[in-house]
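Undergrad: Contents of input-v3.tsv (TSV, C-alpha atoms) are below:
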chain	number	residue	atom	x	y	z
A	1	MET	CA	-3.84	-41.96	33.93
A	2	SER	CA	-2.70	-44.09	31.01
A	3	LEU	CA	0.14	-43.14	28.67
A	4	PHE	CA	-2.42	-42.43	25.93
A	5	ASP	CA	-4.37	-40.10	28.22
A	6	SER	CA	-1.14	-38.30	29.16
A	7	VAL	CA	-0.20	-37.80	25.51
A	8	ILE	CA	-3.71	-36.56	24.62
A	9	SER	CA	-3.62	-34.15	27.56
A	10	MET	CA	-0.21	-32.81	26.52
A	11	VAL	CA	-1.23	-32.37	22.87
A	12	SER	CA	-4.50	-30.73	23.89
A	13	SER	CA	-2.63	-28.29	26.12
A	14	GLN	CA	-0.22	-27.38	23.30
A	15	VAL	CA	-3.08	-26.86	20.83
A	16	GLU	CA	-4.90	-24.69	23.35
A	17	GLN	CA	-1.75	-22.65	23.96
A	18	GLN	CA	-1.18	-22.22	20.20
A	19	GLY	CA	-4.77	-21.00	19.85
A	20	GLY	CA	-4.19	-18.51	22.65
A	21	ILE	CA	-0.98	-17.30	21.06
A	22	ALA	CA	-2.84	-16.90	17.75
A	23	HIS	CA	-5.30	-14.61	19.59
A	24	VAL	CA	-2.41	-12.59	21.02
A	25	LEU	CA	-0.81	-12.27	17.59
A	26	SER	CA	-4.06	-11.23	15.96
A	27	GLY	CA	-4.54	-8.64	18.69
A	28	LEU	CA	-1.10	-7.22	17.92
A	29	LEU	CA	-1.53	-7.17	14.15
A	30	ALA	CA	-5.22	-6.48	13.53
A	31	ASN	CA	-6.30	-2.96	12.60
A	32	ASN	CA	-8.86	-3.08	15.41
A	33	GLY	CA	-6.30	-4.42	17.91
A	34	GLU	CA	-4.73	-2.74	20.93
A	35	LEU	CA	-1.73	-1.33	19.08
A	36	GLY	CA	-3.48	-0.17	15.91
A	37	GLY	CA	-2.46	-3.04	13.69
A	38	LEU	CA	0.78	-3.57	11.85
A	39	ASN	CA	1.33	0.16	11.40
A	40	GLY	CA	0.93	0.73	15.15
A	41	LEU	CA	3.31	-2.13	15.87
A	42	VAL	CA	5.88	-0.69	13.44
A	43	GLU	CA	5.59	2.64	15.25
A	44	LYS	CA	6.23	0.90	18.61
A	45	PHE	CA	9.36	-0.70	17.12
A	46	ASN	CA	10.51	2.70	15.81
A	47	GLN	CA	9.98	4.28	19.24
A	48	ALA	CA	12.07	1.51	20.81
A	49	GLY	CA	14.89	2.06	18.30
A	50	LEU	CA	14.20	-1.26	16.55
A	51	GLY	CA	12.53	0.01	13.37
A	52	ASP	CA	15.19	-1.64	11.22
A	53	VAL	CA	14.35	-5.01	12.78
A	54	VAL	CA	10.62	-4.90	11.98
A	55	GLN	CA	11.33	-3.46	8.52
A	56	SER	CA	13.52	-6.51	7.81
A	57	TRP	CA	10.48	-8.70	8.46
A	58	ILE	CA	8.26	-6.64	6.16
A	59	GLY	CA	10.78	-6.09	3.38
A	60	HIS	CA	12.56	-8.59	1.20
A	61	GLY	CA	15.69	-10.32	2.45
A	62	GLN	CA	16.81	-11.88	5.70
A	63	ASN	CA	14.65	-11.38	8.80
A	64	GLN	CA	16.63	-9.92	11.68
A	65	PRO	CA	16.12	-11.76	14.96
A	66	ILE	CA	14.66	-10.22	18.09
A	67	SER	CA	15.05	-11.43	21.64
A	68	GLY	CA	12.20	-11.92	24.05
A	69	ASP	CA	13.55	-9.07	26.17
A	70	GLN	CA	13.68	-6.71	23.18
A	71	LEU	CA	10.13	-7.63	22.20
A	72	ALA	CA	8.95	-7.11	25.78
A	73	ASN	CA	10.49	-3.64	25.65
A	74	VAL	CA	8.67	-2.87	22.38
A	75	LEU	CA	5.28	-4.15	23.53
A	76	GLY	CA	5.45	-2.85	27.06
A	77	GLY	CA	4.74	-4.63	30.29
A	78	ASP	CA	1.00	-3.94	30.32
A	79	VAL	CA	0.25	-5.48	26.91
A	80	LEU	CA	2.51	-8.45	27.49
A	81	GLY	CA	1.40	-8.99	31.08
A	82	GLN	CA	-2.29	-8.98	30.20
A	83	ALA	CA	-1.78	-11.40	27.31
A	84	ALA	CA	0.38	-13.72	29.40
A	85	SER	CA	-2.15	-13.67	32.22
A	86	LYS	CA	-4.96	-14.70	29.85
A	87	LEU	CA	-2.84	-17.63	28.68
A	88	GLY	CA	-1.68	-18.63	32.15
A	89	MET	CA	1.93	-18.01	31.13
A	90	ASP	CA	4.82	-16.01	32.46
A	91	PRO	CA	5.34	-12.78	30.43
A	92	ALA	CA	8.97	-13.75	29.74
A	93	GLN	CA	7.85	-17.12	28.37
A	94	LEU	CA	5.28	-15.46	26.12
A	95	SER	CA	7.70	-12.82	24.83
A	96	GLY	CA	10.20	-15.58	24.06
A	97	GLN	CA	7.63	-17.52	22.05
A	98	LEU	CA	6.38	-14.41	20.26
A	99	SER	CA	9.96	-13.40	19.41
A	100	THR	CA	10.42	-16.65	17.50
A	101	MET	CA	7.05	-16.47	15.74
A	102	LEU	CA	6.55	-12.78	14.93
A	103	PRO	CA	9.39	-12.27	12.40
A	104	GLY	CA	8.27	-15.12	10.14
A	105	LEU	CA	4.61	-14.30	10.58
A	106	ILE	CA	4.98	-10.66	9.60
A	107	ASP	CA	7.20	-11.74	6.72
A	108	LYS	CA	4.48	-14.09	5.43
A	109	LEU	CA	1.72	-11.51	5.93
A	110	THR	CA	3.65	-8.94	3.88
A	111	PRO	CA	4.75	-10.96	0.82
A	112	HIS	CA	5.15	-7.93	-1.43
A	113	GLY	CA	7.76	-6.33	0.83
A	114	ALA	CA	5.50	-3.62	2.20
A	115	ALA	CA	2.72	-3.29	4.72
A	116	PRO	CA	-0.66	-3.21	2.95
A	117	ALA	CA	-2.03	0.35	2.72
A	118	GLY	CA	-5.22	-0.67	4.54
A	119	GLY	CA	-3.40	-2.72	7.16
A	120	LEU	CA	-3.78	-6.44	7.69
A	121	GLY	CA	-7.52	-6.47	8.37
A	122	ASN	CA	-9.58	-7.07	11.46
A	123	THR	CA	-9.18	-9.71	14.13
A	124	GLY	CA	-11.51	-12.18	12.41
A	125	ASP	CA	-9.61	-11.99	9.12
A	126	LEU	CA	-6.28	-12.43	10.86
A	127	MET	CA	-7.39	-15.41	12.92
A	128	GLY	CA	-8.03	-17.36	9.72
A	129	MET	CA	-4.63	-16.43	8.29
A	130	LEU	CA	-2.85	-17.13	11.56
A	131	GLY	CA	-4.51	-20.50	11.95
A	132	GLY	CA	-3.16	-21.56	8.57
A	133	LEU	CA	0.31	-20.21	9.23
A	134	LEU	CA	0.57	-21.73	12.70
A	135	ALA	CA	-0.68	-25.08	11.43
A	136	GLY	CA	2.02	-25.01	8.76
A	137	ARG	CA	4.63	-24.15	11.40
A	138	ALA	CA	3.61	-27.11	13.56
A	139	ALA	CA	3.81	-29.57	10.67
Can the structure in the file be given as structure tokens, please?
TA:
Amino acid sequence: MSLFDSVISMVSSQVEQQGGIAHVLSGLLANNGELGGLNGLVEKFNQAGLGDVVQSWIGHGQNQPISGDQLANVLGGDVLGQAASKLGMDPAQLSGQLSTMLPGLIDKLTPHGAAPAGGLGNTGDLMGMLGGLLAGRAA
């Protein structure tokens, strides 16, 4: 395999993984997703004692960080394990990546400092938004 082929393969793999992560994120945030959209996700954070963390992402001001382990605790092993399996990743690796992406993503999806009354939309709507946001992150 030539150097060019190796580079193309590596880039293709990263793009494919980003697309898979976009699907995971849309599943977490969409109203028709597993957790009931952003409001369901906020409730999961509240139940885990991390409501102030997710509220910092939604509201104005500095986004509080979250570790991969904390996010795994919020999401639960089943949700994270299924998503990681679909992507061919280890759940800890996925939770680590999501923990770096989710704060900024939720912040950008809630620019007025509050979750939209109707939620963030369905999976199709979110995939378009996520594609744009992830492309901007990669640039």
Undergrad: Go ahead and compute the interatomic distance for atom CA of A:Thr110 and atom CA of A:Ile58, in Å to one decimal.
TA: 5.6 Å
Undergrad: Point out the residue among A:Ala22, A:Met101, A:Val74, A:Gly88 with the least atom-to-atom distance to A:Gly51, counting only C-alpha atoms.
TA: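 Of A:Ala22, A:Met101, A:Val74, A:Gly88, the one nearest A:Gly51 is A:Val74, counting only C-alpha atoms.
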Undergrad: Could you please determine the separation between atom CA of A:Gly20 and atom CA of A:Gly61 in Å, to one decimal place?
TA: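 Calculated distance between atom CA of A:Gly20 and atom CA of A:Gly61 is 29.5 Å.
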Undergrad: Which residue gives the smallest distance to A:Gly77 among A:Ala92, A:Ala115, A:Leu50, A:Leu105, with only C-alpha atoms counted?
TA: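 So, comparing all the options, the nearest one is A:Ala92.
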Undergrad: Which neighbours of A:Thr100 fall inside 12 Å, counting all atoms listed in the file, when residues of the same chain fewer than 4 positions from it are skipped, and could you give them as a ChimeraX atom specification?
TA: /A:21,63-71,93-96,104-106,137
Undergrad: If you keep C-alpha atoms, can you produce a file of those selected residues as a short mmCIF file (atom, residue, chain, number, x, y, z; two decimals), in the coordinates of the input?
TA:
data_model
loop_
_atom_site.label_atom_id
_atom_site.label_comp_id
_atom_site.auth_asym_id
_atom_site.auth_seq_id
_atom_site.Cartn_x
_atom_site.Cartn_y
_atom_site.Cartn_z
CA ILE A 21 -0.98 -17.30 21.06
CA ASN A 63 14.65 -11.38 8.80
CA GLN A 64 16.63 -9.92 11.68
CA PRO A 65 16.12 -11.76 14.96
CA ILE A 66 14.66 -10.22 18.09
CA SER A 67 15.05 -11.43 21.64
CA GLY A 68 12.20 -11.92 24.05
CA ASP A 69 13.55 -9.07 26.17
CA GLN A 70 13.68 -6.71 23.18
CA LEU A 71 10.13 -7.63 22.20
CA GLN A 93 7.85 -17.12 28.37
CA LEU A 94 5.28 -15.46 26.12
CA SER A 95 7.70 -12.82 24.83
CA GLY A 96 10.20 -15.58 24.06
CA GLY A 104 8.27 -15.12 10.14
CA LEU A 105 4.61 -14.30 10.58
CA ILE A 106 4.98 -10.66 9.60
CA ARG A 137 4.63 -24.15 11.40
#
Undergrad: Could you check how far atom CA of A:Met89 sits from atom CA of A:Gly49, in Å to one decimal?
TA: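 Computed distance, atom CA of A:Met89 to atom CA of A:Gly49, equals 27.1 Å.
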